[in-house]
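A.B. asks: Structure supplied as query.cif; contents: mmCIF, C-alpha atoms.
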data_run
#
loop_
_atom_site.label_atom_id
_atom_site.label_comp_id
_atom_site.auth_asym_id
_atom_site.auth_seq_id
_atom_site.Cartn_x
_atom_site.Cartn_y
_atom_site.Cartn_z
CA MET A 1 27.10 42.08 87.57
CA SER A 2 27.42 45.70 86.47
CA SER A 3 28.33 47.29 89.79
CA PHE A 4 31.26 45.20 91.07
CA GLY A 5 34.40 47.34 91.09
CA GLY A 6 32.40 50.57 90.96
CA ILE A 7 30.27 50.47 94.10
CA PRO A 8 31.67 49.49 97.50
CA ILE A 9 30.13 46.17 98.61
CA ASP A 10 30.75 44.79 102.11
CA MET A 11 30.08 41.10 101.48
CA GLN A 12 30.44 40.13 105.13
CA ALA A 13 28.11 42.85 106.47
CA LEU A 14 25.53 42.05 103.79
CA GLY A 15 25.76 38.29 104.38
CA ILE A 16 26.63 37.55 100.76
CA ASP A 17 27.68 33.96 100.07
CA PHE A 18 28.29 34.34 96.33
CA LEU A 19 29.11 37.37 94.20
CA VAL A 20 29.15 36.86 90.43
CA SER A 21 30.61 39.45 88.08
CA SER A 22 32.53 39.78 84.85
CA ALA A 23 35.89 40.97 83.62
CA ASN A 24 34.42 44.14 82.10
CA LYS A 25 31.81 46.68 83.34
CA CYS A 26 33.15 48.57 86.41
CA ILE A 27 36.37 46.53 86.43
CA GLN A 28 36.96 48.19 83.03
CA GLY A 29 38.54 45.13 81.46
CA VAL A 30 37.25 43.44 78.33
CA PRO A 31 34.34 40.98 78.22
CA GLY A 32 35.23 37.32 78.02
CA PHE A 33 34.81 35.56 81.34
CA GLY A 34 32.89 35.74 84.57
CA PHE A 35 34.14 35.10 88.07
CA VAL A 36 32.70 34.18 91.43
CA ILE A 37 33.77 35.39 94.86
CA ALA A 38 32.37 32.96 97.42
CA LYS A 39 32.53 31.86 101.03
CA LEU A 40 34.68 28.76 100.70
CA ASP A 41 32.68 26.44 102.95
CA THR A 42 29.40 27.46 101.27
CA PHE A 43 31.05 27.01 97.88
CA LYS A 44 32.38 23.55 98.75
CA ALA A 45 28.82 22.47 99.55
CA CYS A 46 28.09 22.87 95.82
CA LYS A 47 30.33 19.97 94.84
CA GLY A 48 28.57 17.54 92.51
CA ILE A 49 25.35 19.48 92.00
CA ALA A 50 26.17 21.42 88.81
CA ARG A 51 23.65 20.97 86.01
CA SER A 52 26.20 21.26 83.22
CA LEU A 53 29.87 20.55 82.64
CA SER A 54 30.70 24.04 81.40
CA LEU A 55 29.06 25.74 84.41
CA ASP A 56 30.49 23.41 87.04
CA LEU A 57 32.24 26.08 89.09
CA TYR A 58 33.34 23.64 91.77
CA ASN A 59 35.11 21.47 89.19
CA GLN A 60 36.74 24.56 87.64
CA TRP A 61 37.94 25.73 91.07
CA GLU A 62 39.23 22.24 91.97
CA THR A 63 41.09 22.02 88.65
CA MET A 64 42.71 25.40 89.25
CA GLU A 65 43.66 24.46 92.82
CA LYS A 66 45.30 21.18 91.74
CA GLY A 67 46.83 22.59 88.54
CA LYS A 68 48.24 25.81 90.04
CA GLY A 69 45.84 28.07 88.14
CA LYS A 70 45.28 25.90 85.06
CA TRP A 71 41.84 26.19 83.49
CA ARG A 72 39.84 23.02 82.68
CA PHE A 73 39.53 24.05 79.05
CA ILE A 74 41.36 26.56 76.85
CA SER A 75 41.94 29.67 78.92
CA PRO A 76 41.08 33.11 77.52
CA THR A 77 44.63 34.32 78.09
CA HIS A 78 44.20 37.73 76.43
CA VAL A 79 41.08 38.44 78.54
CA VAL A 80 42.80 37.27 81.73
CA ARG A 81 45.77 39.53 80.95
CA ALA A 82 43.42 42.46 80.30
CA PHE A 83 41.63 41.67 83.59
CA SER A 84 44.94 41.74 85.45
CA GLN A 85 45.79 45.10 83.87
CA ALA A 86 42.32 46.43 84.74
CA LEU A 87 42.79 45.39 88.38
CA ASP A 88 46.18 47.17 88.43
CA GLU A 89 44.50 50.30 87.06
CA LEU A 90 41.73 50.04 89.68
CA ARG A 91 44.36 49.93 92.44
CA LYS A 92 46.23 52.90 90.92
CA GLU A 93 43.00 54.90 90.79
CA GLY A 94 42.63 54.43 94.55
CA GLY A 95 40.41 51.37 94.65
CA ILE A 96 36.69 50.91 94.49
CA THR A 97 35.92 53.94 96.68
CA ALA A 98 37.82 56.30 94.35
CA ARG A 99 36.28 54.75 91.25
CA HIS A 100 32.81 55.01 92.77
CA LYS A 101 33.43 58.70 93.48
CA ARG A 102 34.47 59.31 89.85
CA TYR A 103 31.41 57.48 88.53
CA ALA A 104 29.11 59.37 90.93
CA THR A 105 30.63 62.69 89.85
CA ASN A 106 30.17 61.72 86.19
CA GLN A 107 26.53 60.87 86.88
CA GLN A 108 25.82 64.09 88.82
CA ILE A 109 27.28 66.23 86.03
CA LEU A 110 25.31 64.23 83.47
CA ILE A 111 21.99 64.60 85.33
CA ALA A 112 22.44 68.35 85.86
CA GLY A 113 23.42 68.91 82.22
CA MET A 114 20.63 66.76 80.81
CA LYS A 115 18.02 68.55 82.95
CA GLU A 116 19.37 71.85 81.64
CA LEU A 117 18.89 70.51 78.10
CA GLY A 118 15.28 69.52 78.79
CA PHE A 119 15.70 65.81 79.54
CA THR A 120 14.14 64.20 82.61
CA PRO A 121 15.76 61.25 84.37
CA LEU A 122 13.51 58.22 84.76
CA LEU A 123 14.36 57.92 88.47
CA ALA A 124 14.48 60.48 91.26
CA ASP A 125 17.99 61.57 92.26
CA GLU A 126 17.96 59.56 95.51
CA LEU A 127 17.25 56.35 93.55
CA GLN A 128 19.97 56.82 90.93
CA SER A 129 22.97 54.55 90.62
CA PRO A 130 26.24 55.96 89.32
CA ILE A 131 26.51 53.14 86.75
CA ILE A 132 23.94 54.02 84.07
CA THR A 133 21.20 56.63 83.86
CA SER A 134 17.88 56.33 82.02
CA PHE A 135 16.19 59.42 80.56
CA LEU A 136 12.63 59.81 79.32
CA TYR A 137 12.07 60.90 75.74
CA PRO A 138 11.56 64.69 75.88
CA ASP A 139 8.42 64.64 73.70
CA GLU A 140 6.42 62.51 71.25
CA GLN A 141 8.41 63.76 68.24
CA PHE A 142 11.71 62.57 69.71
CA SER A 143 13.40 59.94 67.54
CA PHE A 144 15.91 57.85 69.44
CA ASN A 145 17.40 56.51 66.18
CA ASP A 146 18.09 60.01 64.83
CA PHE A 147 19.46 61.11 68.21
CA TYR A 148 21.63 57.99 68.46
CA TYR A 149 23.17 58.32 64.99
CA ARG A 150 23.78 62.06 65.32
CA LEU A 151 25.62 61.46 68.62
CA LYS A 152 27.51 58.53 67.13
CA GLU A 153 28.77 60.81 64.34
CA LYS A 154 30.22 63.01 67.11
CA GLY A 155 31.98 60.01 68.72
CA PHE A 156 29.47 59.11 71.46
CA VAL A 157 27.46 55.90 71.75
CA ILE A 158 24.40 55.69 74.01
CA TYR A 159 21.92 52.87 74.62
CA PRO A 160 18.24 52.37 73.86
CA GLY A 161 15.88 52.02 76.82
CA LYS A 162 14.95 48.64 78.29
CA ILE A 163 11.80 49.62 80.13
CA SER A 164 8.51 48.45 78.68
CA GLY A 165 6.35 51.06 80.44
CA ALA A 166 8.19 54.20 79.33
CA ASP A 167 10.07 55.49 76.32
CA THR A 168 13.63 55.88 77.56
CA PHE A 169 17.27 55.82 76.53
CA ARG A 170 20.33 55.18 78.70
CA ILE A 171 23.72 56.80 79.12
CA GLY A 172 26.56 54.97 80.86
CA ASN A 173 28.58 56.81 83.47
CA ILE A 174 31.32 54.18 83.74
CA GLY A 175 34.45 53.24 81.86
CA GLU A 176 37.59 55.24 81.33
CA ILE A 177 35.69 58.52 81.27
CA ASN A 178 35.78 61.55 83.53
CA ASN A 179 33.82 64.74 84.04
CA ASN A 180 35.43 66.33 80.96
CA THR A 181 34.15 63.43 78.85
CA ILE A 182 30.65 63.95 80.27
CA ARG A 183 30.86 67.69 79.50
CA GLN A 184 31.91 66.87 75.91
CA LEU A 185 28.93 64.50 75.62
CA LEU A 186 26.58 67.21 76.93
CA GLN A 187 27.95 69.63 74.34
CA ALA A 188 27.39 67.04 71.61
CA ILE A 189 23.80 66.55 72.85
CA ARG A 190 23.28 70.33 72.87
CA GLU A 191 24.49 70.52 69.25
CA THR A 192 22.37 67.51 68.29
CA LYS A 193 19.24 69.11 69.72
CA GLU A 194 19.76 72.39 67.81
#
Taking this structure as input, can you express it in the form of structure tokens?

C.D. replies:
Amino acid sequence: MSSFGGIPIDMQALGIDFLVSSANKCIQGVPGFGFVIAKLDTFKACKGIARSLSLDLYNQWETMEKGKGKWRFISPTHVVRAFSQALDELRKEGGITARHKRYATNQQILIAGMKELGFTPLLADELQSPIITSFLYPDEQFSFNDFYYRLKEKGFVIYPGKISGADTFRIGNIGEINNNTIRQLLQAIRETKE
């Protein structure tokens, strides 16, 4: 879900029948709908087995095929338009490979800077994804809430951790940001720590 558009994925080589993603995340559109990329013959085998009307993807696809792109229900036109614009911007950037390189560079700069500031990544470098990076709390006195609000005052929003076995917080490396944005974030963190 989070990586499509930001990490090259060879569906054929990996034997993927269905890929589900959303209009936001690495596509950099706005949230509002999901989409499925599927092998057509595998997808057609799903006809009639949906467990709900709203999630009947086959029926939605069939309606769009017969209606020349018409949605079964009210279409989220503003989100679809934003998605189209986001795809145009992805192409202009140089495609998924170029976007992945930008995200990876963002993440490498972030990791190096955070280590310099005394923060330890949750995962070893070779296990890191360029999408989002988790960091361990630096010590027992660390208050994520204070850290969060002080960064927010400087124009940066980070995320709480989602790991039950460790105290962590997360920083996203994706979106319309570049290495200068990451350097500005690191400076804000440096000022917040002082």

A.B. asks: Please determine, counting all atoms listed in the file, which residue among A:Ser22, A:Ser143, A:Thr168, A:Ser129 has the shortest atom-to-atom distance to A:Met1.

C.D. replies: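 Ranking A:Ser22, A:Ser143, A:Thr168, A:Ser129 by distance to A:Met1, first place goes to A:Ser22.
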
A.B. asks: Would you write out, as a list in words, every residue that the PyMOL selection byres ((chain A and resi 95) around 12) captures in this file?

C.D. replies: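 Applied to this file, the PyMOL selection byres ((chain A and resi 95) around 12) selects Phe4, Gly5, Gly6, Ile7, Pro8, Cys26, Ile27, Ala86, Leu87, Asp88, Glu89, Leu90, Arg91, Lys92, Glu93, Gly94, Ile96, Thr97, Ala98, Arg99, His100, Lys101 and Arg102 of chain A.
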
A.B. asks: Work out how far atom CA of A:Gln28 is from atom CA of A:Leu117, in Å to one decimal.

C.D. replies: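 Atom-to-atom, atom CA of A:Leu117 to atom CA of A:Gln28, that is 29.1 Å.
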
A.B. asks: Please write the residues picked by the PyMOL selection byres ((chain A and resi 79) around 9) on this file as a VMD selection string.

C.D. replies: chain A and resid 23 29 to 33 75 to 78 80 to 84

A.B. asks: Excluding A:Ile163 and residues on its chain fewer than 3 positions from it, collect all residues at most 12 Å away from it, counting all atoms listed in the file, and give them as a list in words.

C.D. replies: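 Surrounding residues, per the criterion: Leu122, Ser134, Phe135, Leu136, Tyr159, Pro160, Ala166, Asp167, Thr168, Phe169 and Arg170 of chain A.
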
A.B. asks: What do you get, as a PyMOL selection string, if you spell out every residue that the PyMOL selection byres ((chain A and resi 182) around 12) selects here?

C.D. replies: chain A and resi 102-114+156+171-181+183-189

A.B. asks: Let me see the file: selected residues, C-alpha atoms, as a PDB file, keeping the file's coordinate frame.

C.D. replies:
ATOM      1  CA  ARG A 102      34.470  59.310  89.850  1.00  0.00           C
ATOM      2  CA  TYR A 103      31.410  57.480  88.530  1.00  0.00           C
ATOM      3  CA  ALA A 104      29.110  59.370  90.930  1.00  0.00           C
ATOM      4  CA  THR A 105      30.630  62.690  89.850  1.00  0.00           C
ATOM      5  CA  ASN A 106      30.170  61.720  86.190  1.00  0.00           C
ATOM      6  CA  GLN A 107      26.530  60.870  86.880  1.00  0.00           C
ATOM      7  CA  GLN A 108      25.820  64.090  88.820  1.00  0.00           C
ATOM      8  CA  ILE A 109      27.280  66.230  86.030  1.00  0.00           C
ATOM      9  CA  LEU A 110      25.310  64.230  83.470  1.00  0.00           C
ATOM     10  CA  ILE A 111      21.990  64.600  85.330  1.00  0.00           C
ATOM     11  CA  ALA A 112      22.440  68.350  85.860  1.00  0.00           C
ATOM     12  CA  GLY A 113      23.420  68.910  82.220  1.00  0.00           C
ATOM     13  CA  MET A 114      20.630  66.760  80.810  1.00  0.00           C
ATOM     14  CA  PHE A 156      29.470  59.110  71.460  1.00  0.00           C
ATOM     15  CA  ILE A 171      23.720  56.800  79.120  1.00  0.00           C
ATOM     16  CA  GLY A 172      26.560  54.970  80.860  1.00  0.00           C
ATOM     17  CA  ASN A 173      28.580  56.810  83.470  1.00  0.00           C
ATOM     18  CA  ILE A 174      31.320  54.180  83.740  1.00  0.00           C
ATOM     19  CA  GLY A 175      34.450  53.240  81.860  1.00  0.00           C
ATOM     20  CA  GLU A 176      37.590  55.240  81.330  1.00  0.00           C
ATOM     21  CA  ILE A 177      35.690  58.520  81.270  1.00  0.00           C
ATOM     22  CA  ASN A 178      35.780  61.550  83.530  1.00  0.00           C
ATOM     23  CA  ASN A 179      33.820  64.740  84.040  1.00  0.00           C
ATOM     24  CA  ASN A 180      35.430  66.330  80.960  1.00  0.00           C
ATOM     25  CA  THR A 181      34.150  63.430  78.850  1.00  0.00           C
ATOM     26  CA  ARG A 183      30.860  67.690  79.500  1.00  0.00           C
ATOM     27  CA  GLN A 184      31.910  66.870  75.910  1.00  0.00           C
ATOM     28  CA  LEU A 185      28.930  64.500  75.620  1.00  0.00           C
ATOM     29  CA  LEU A 186      26.580  67.210  76.930  1.00  0.00           C
ATOM     30  CA  GLN A 187      27.950  69.630  74.340  1.00  0.00           C
ATOM     31  CA  ALA A 188      27.390  67.040  71.610  1.00  0.00           C
ATOM     32  CA  ILE A 189      23.800  66.550  72.850  1.00  0.00           C
TER      33      ILE A 189
END

A.B. asks: Can you list, as number ranges by chain, every protein, DNA or RNA residue that comes within 8 Å of A:Val36 when you count all atoms listed in the file, leaving out same-chain residues fewer than 5 positions away?

C.D. replies: A: 18-21

A.B. asks: So which residues touch A:Lys44 within 9 Å, counting all atoms listed in the file, skipping near sequence neighbours fewer than 4 positions away, as a PyMOL selection string?

C.D. replies: chain A and resi 39-40+58

A.B. asks: For A:Asp139, which of A:Trp71, A:Val157, A:Glu126, A:Gly118 is the closest residue, counting only C-alpha atoms?

C.D. replies: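 For A:Asp139, the nearest of the candidates is A:Gly118.
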
A.B. asks: Quick one: distance from atom CA of A:Leu151 to atom CA of A:Leu127 in Å, one decimal?

C.D. replies: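 Distance reported for this atom pair: 26.8 Å.
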